[in-house]
Amino acid sequence: MSDKSVTAINEATISIEELDRIEKQAASISCPLPLPEHEKNSLMEEIKELLEQKDAVLIAHYYVDDDLQELALKTGGHVSDSLEMARFGHDHPAQTLIVAGVRFMGETAKILNPEKRVLMVEDEATCSLDLSCPIDRFSTFCDAHPDRKVVVYANTSAAIKARSDWVVTSGIALDIVRHLHEQGEKILWAPDRHLGDYIQHQTGADMLLWGGVCVVHDEYRSKELMLMKEEMPDAMVLVHPESPRSIIQLADFVGSTTGLINAVQQSDAKRFIVATDRGIFYKMRSIAGDKELIEAPTAGKGASCVSCGHCPWMAINTLHKIRDILKNGGKTIEIDNKIAKQALIPIQRMLDFAAQREVDMKIRGDA
Ligand code: 13P
Ligand code: SF4
């Protein structure tokens, strides 16, 4: 780890009041209740037929509710992290992609597949990181630092991606920033300050950080996590790097959604405290059903809000909504041509980098 300090200009990027407003917006969403088994099964059957009729495929993120992940897998669709979602949509022959996740995932699918119809299960499903980074202010920030490579997290709008040099997901961010740092590049990073801070500490790169946060990961509490660790000294602590530094410091393993799933599968530990969205437990249980999974504690006892480890925007993706958009049509994702073409460049750069990384790992015998 490097002790080089990060130059974070949080106030120039996003104010505490704006972060507060986004947090309130997230807190105002009520998550739907699980469906009774018979209703779930009949909806799944109906959707299965509709997907075939409409030449559509369902692509879901690890954070959506269990029934949607189950449906995607049962119908030849896909469940994965955001990088693999983008890749799958590109490779699959279906002409319509139904994205169960949040808006930036649908936009990325559309940018990679301009000839396909891309529909969000829930058009309003967004992300606090995306909301925290409006294009006008971001552009001004970039203009003020022309000497830096602009690296943005995938959790951003198409316009932000179009203004960047590189797009990264949590699964590849560390390797790309390390690569740029080795080439002597200085970095402007947006929008997740915790992920940026983690990467800076791991790589020693000179990084200027936007001040956004993920409303879910920002809720984990270190004091409560420490107490939980004391109660369960045998449990392995798994942390997504969108979490604050105080949580990352308590981790036995830090990684992207896929990295955390692999850790559960590969580790000898019998129980895990997991600091990321609990939707991921569905996949973890399916590959390691004998292991105990425990949610890391969110907002401490003194907190005034009700918080939990589940993204409210992921939660509003439902089976009913999938059925309805397949039956009645939904709003397709449309992106201005010029923006889409420009955004494709840094996304493709990431995909090419990922493909090369796989080749290198195979040669080294790591894959
Ligand atoms: P992944 O890129 O690991 O899928 O994570 C996306 C996300 O939104 C995490 O909160
Ligand atoms: Fe965005 Fe956080 Fe939800 Fe992921 S979990 S989509 S980063 S708000």
# chains A, B, ... in the order shown; residues from 1 in each chain; ligands from 1
>>> select_by_dssp(residues="stretch 181-260 of chain A", states="strand (DSSP E)", output="PyMOL selection string")
chain A and resi 186-190+207-209+236-239+253-254
>>> write_last_selection(atoms="N, CA and C atoms", output="PDB file, in the first residue's frame")
ATOM      1  N   LYS A 186      -1.600  10.793 -14.616  1.00  0.00           N
ATOM      2  CA  LYS A 186      -2.343  11.262 -13.432  1.00  0.00           C
ATOM      3  C   LYS A 186      -3.830  11.074 -13.751  1.00  0.00           C
ATOM      4  N   ILE A 187      -4.630  10.870 -12.713  1.00  0.00           N
ATOM      5  CA  ILE A 187      -6.020  10.445 -12.962  1.00  0.00           C
ATOM      6  C   ILE A 187      -7.052  11.371 -12.324  1.00  0.00           C
ATOM      7  N   LEU A 188      -8.101  11.606 -13.081  1.00  0.00           N
ATOM      8  CA  LEU A 188      -9.301  12.254 -12.539  1.00  0.00           C
ATOM      9  C   LEU A 188     -10.341  11.131 -12.438  1.00  0.00           C
ATOM     10  N   TRP A 189     -10.818  10.884 -11.244  1.00  0.00           N
ATOM     11  CA  TRP A 189     -11.681   9.720 -10.994  1.00  0.00           C
ATOM     12  C   TRP A 189     -13.094  10.159 -10.581  1.00  0.00           C
ATOM     13  N   ALA A 190     -14.102   9.495 -11.139  1.00  0.00           N
ATOM     14  CA  ALA A 190     -15.489   9.790 -10.725  1.00  0.00           C
ATOM     15  C   ALA A 190     -16.331   8.521 -10.889  1.00  0.00           C
ATOM     16  N   MET A 207      -4.497  10.620  -7.893  1.00  0.00           N
ATOM     17  CA  MET A 207      -5.916  10.628  -8.276  1.00  0.00           C
ATOM     18  C   MET A 207      -6.666  11.797  -7.657  1.00  0.00           C
ATOM     19  N   LEU A 208      -7.454  12.424  -8.474  1.00  0.00           N
ATOM     20  CA  LEU A 208      -8.348  13.484  -8.025  1.00  0.00           C
ATOM     21  C   LEU A 208      -9.743  12.870  -7.994  1.00  0.00           C
ATOM     22  N   LEU A 209     -10.429  12.957  -6.840  1.00  0.00           N
ATOM     23  CA  LEU A 209     -11.674  12.198  -6.689  1.00  0.00           C
ATOM     24  C   LEU A 209     -12.937  13.056  -6.716  1.00  0.00           C
ATOM     25  N   MET A 236     -15.096 -15.050   7.826  1.00  0.00           N
ATOM     26  CA  MET A 236     -14.279 -14.261   6.904  1.00  0.00           C
ATOM     27  C   MET A 236     -15.088 -13.027   6.490  1.00  0.00           C
ATOM     28  N   VAL A 237     -14.470 -11.849   6.543  1.00  0.00           N
ATOM     29  CA  VAL A 237     -15.184 -10.613   6.208  1.00  0.00           C
ATOM     30  C   VAL A 237     -14.896 -10.235   4.751  1.00  0.00           C
ATOM     31  N   LEU A 238     -15.979 -10.186   3.954  1.00  0.00           N
ATOM     32  CA  LEU A 238     -15.869  -9.868   2.524  1.00  0.00           C
ATOM     33  C   LEU A 238     -16.451  -8.475   2.286  1.00  0.00           C
ATOM     34  N   VAL A 239     -15.715  -7.621   1.612  1.00  0.00           N
ATOM     35  CA  VAL A 239     -16.149  -6.228   1.462  1.00  0.00           C
ATOM     36  C   VAL A 239     -16.034  -5.762   0.008  1.00  0.00           C
ATOM     37  N   PHE A 253     -11.098  -9.874   2.769  1.00  0.00           N
ATOM     38  CA  PHE A 253     -10.998  -9.873   1.312  1.00  0.00           C
ATOM     39  C   PHE A 253     -11.819  -8.711   0.765  1.00  0.00           C
ATOM     40  N   VAL A 254     -11.238  -7.968  -0.171  1.00  0.00           N
ATOM     41  CA  VAL A 254     -11.939  -6.852  -0.819  1.00  0.00           C
ATOM     42  C   VAL A 254     -12.049  -7.177  -2.299  1.00  0.00           C
TER      43      VAL A 254
END
>>> residues_near_ligand(ligand="ligand 1", cutoff="10 Å", atoms="only C-alpha atoms and all ligand atoms", output="JSON, numbers by chain")
{"A": [61, 62, 63, 80, 81, 82, 83, 84, 85, 101, 102, 104, 105, 126, 127, 128, 129, 130, 153, 154, 155, 168, 169, 170, 171, 172, 173, 213, 214, 215, 216, 217, 240, 241, 242, 243, 255, 256, 257, 258, 259, 260, 276, 277, 310, 311, 314]}
>>> residues_around(residues="A:Ile345", least_positions_apart="3", cutoff="9 Å", atoms="only C-alpha atoms", output="PDB file with N, CA and C atoms, in the first residue's frame")
ATOM      1  N   LYS A 161     -19.796   8.983 -19.585  1.00  0.00           N
ATOM      2  CA  LYS A 161     -18.888   8.029 -20.236  1.00  0.00           C
ATOM      3  C   LYS A 161     -18.289   8.663 -21.495  1.00  0.00           C
ATOM      4  N   ALA A 162     -19.137   9.383 -22.228  1.00  0.00           N
ATOM      5  CA  ALA A 162     -18.672  10.004 -23.473  1.00  0.00           C
ATOM      6  C   ALA A 162     -17.591  11.059 -23.206  1.00  0.00           C
ATOM      7  N   SER A 164     -15.255  10.683 -20.996  1.00  0.00           N
ATOM      8  CA  SER A 164     -14.127  10.034 -20.308  1.00  0.00           C
ATOM      9  C   SER A 164     -13.118   9.421 -21.280  1.00  0.00           C
ATOM     10  N   ASP A 165     -11.949   9.094 -20.723  1.00  0.00           N
ATOM     11  CA  ASP A 165     -10.951   8.341 -21.494  1.00  0.00           C
ATOM     12  C   ASP A 165     -11.124   6.837 -21.264  1.00  0.00           C
ATOM     13  N   TRP A 166     -11.493   6.487 -20.038  1.00  0.00           N
ATOM     14  CA  TRP A 166     -11.678   5.074 -19.678  1.00  0.00           C
ATOM     15  C   TRP A 166     -12.963   4.907 -18.867  1.00  0.00           C
ATOM     16  N   VAL A 167     -13.690   3.831 -19.145  1.00  0.00           N
ATOM     17  CA  VAL A 167     -14.784   3.402 -18.264  1.00  0.00           C
ATOM     18  C   VAL A 167     -14.276   2.143 -17.566  1.00  0.00           C
ATOM     19  N   LYS A 341     -21.844   7.019 -29.609  1.00  0.00           N
ATOM     20  CA  LYS A 341     -20.606   6.687 -30.346  1.00  0.00           C
ATOM     21  C   LYS A 341     -19.370   7.064 -29.534  1.00  0.00           C
ATOM     22  N   GLN A 342     -19.443   8.225 -28.900  1.00  0.00           N
ATOM     23  CA  GLN A 342     -18.306   8.698 -28.107  1.00  0.00           C
ATOM     24  C   GLN A 342     -18.132   7.836 -26.844  1.00  0.00           C
ATOM     25  N   GLN A 348     -15.252   0.286 -24.937  1.00  0.00           N
ATOM     26  CA  GLN A 348     -14.533  -0.706 -25.735  1.00  0.00           C
ATOM     27  C   GLN A 348     -13.087  -0.851 -25.252  1.00  0.00           C
ATOM     28  N   ARG A 349     -12.507   0.289 -24.850  1.00  0.00           N
ATOM     29  CA  ARG A 349     -11.132   0.260 -24.312  1.00  0.00           C
ATOM     30  C   ARG A 349     -11.083  -0.669 -23.098  1.00  0.00           C
ATOM     31  N   MET A 350     -12.093  -0.559 -22.241  1.00  0.00           N
ATOM     32  CA  MET A 350     -12.143  -1.437 -21.059  1.00  0.00           C
ATOM     33  C   MET A 350     -12.314  -2.902 -21.479  1.00  0.00           C
TER      34      MET A 350
END
>>> select_by_dssp(residues="stretch 65-238 of chain A", states="helix (DSSP H, G or I)", output="PyMOL selection string")
chain A and resi 66-74+82-91+103-112+128-131+135-143+158-162+173-182+193-203+217-219+222-231
>>> closest_residue(among="A:Ala354, A:His181, A:Ile135, A:Pro191", to="A:Arg163", atoms="only C-alpha atoms")
A:Ile135
>>> closest_residue(among="A:Ala27, A:Ala235, A:Val359, A:Ile16", to="ligand 2", atoms="only C-alpha atoms and all ligand atoms")
A:Ala27
>>> closest_residue(among="A:Arg178, A:Lys229, A:Arg103, A:Arg364", to="ligand 2", atoms="only C-alpha atoms and all ligand atoms")
A:Arg103
>>> closest_residue(among="A:Lys40, A:Arg148, A:His194, A:Lys74", to="ligand 2", atoms="only C-alpha atoms and all ligand atoms")
A:His194
>>> residues_around(residues="stretch 47-55 of chain A", least_positions_apart="2", cutoff="8 Å", atoms="only C-alpha atoms", output="list in words")
Leu43, Met44, Glu45, Val57, Thr75, Ala94, Gln95, Thr96, Ile322, Arg323, Leu326 and Lys327 of chain A
>>> residues_around(residues="A:Ile98", least_positions_apart="5", cutoff="7 Å", atoms="only C-alpha atoms", output="ChimeraX atom specification")
/A:56-59,118-121
>>> closest_residue(among="A:Thr13, A:Lys291, A:Lys321, A:Ser157", to="A:Cys142", atoms="only C-alpha atoms")
A:Thr13
>>> closest_residue(among="A:Asp192, A:Ile280, A:Met232, A:Ala315", to="A:Pro244", atoms="only C-alpha atoms")
A:Asp192
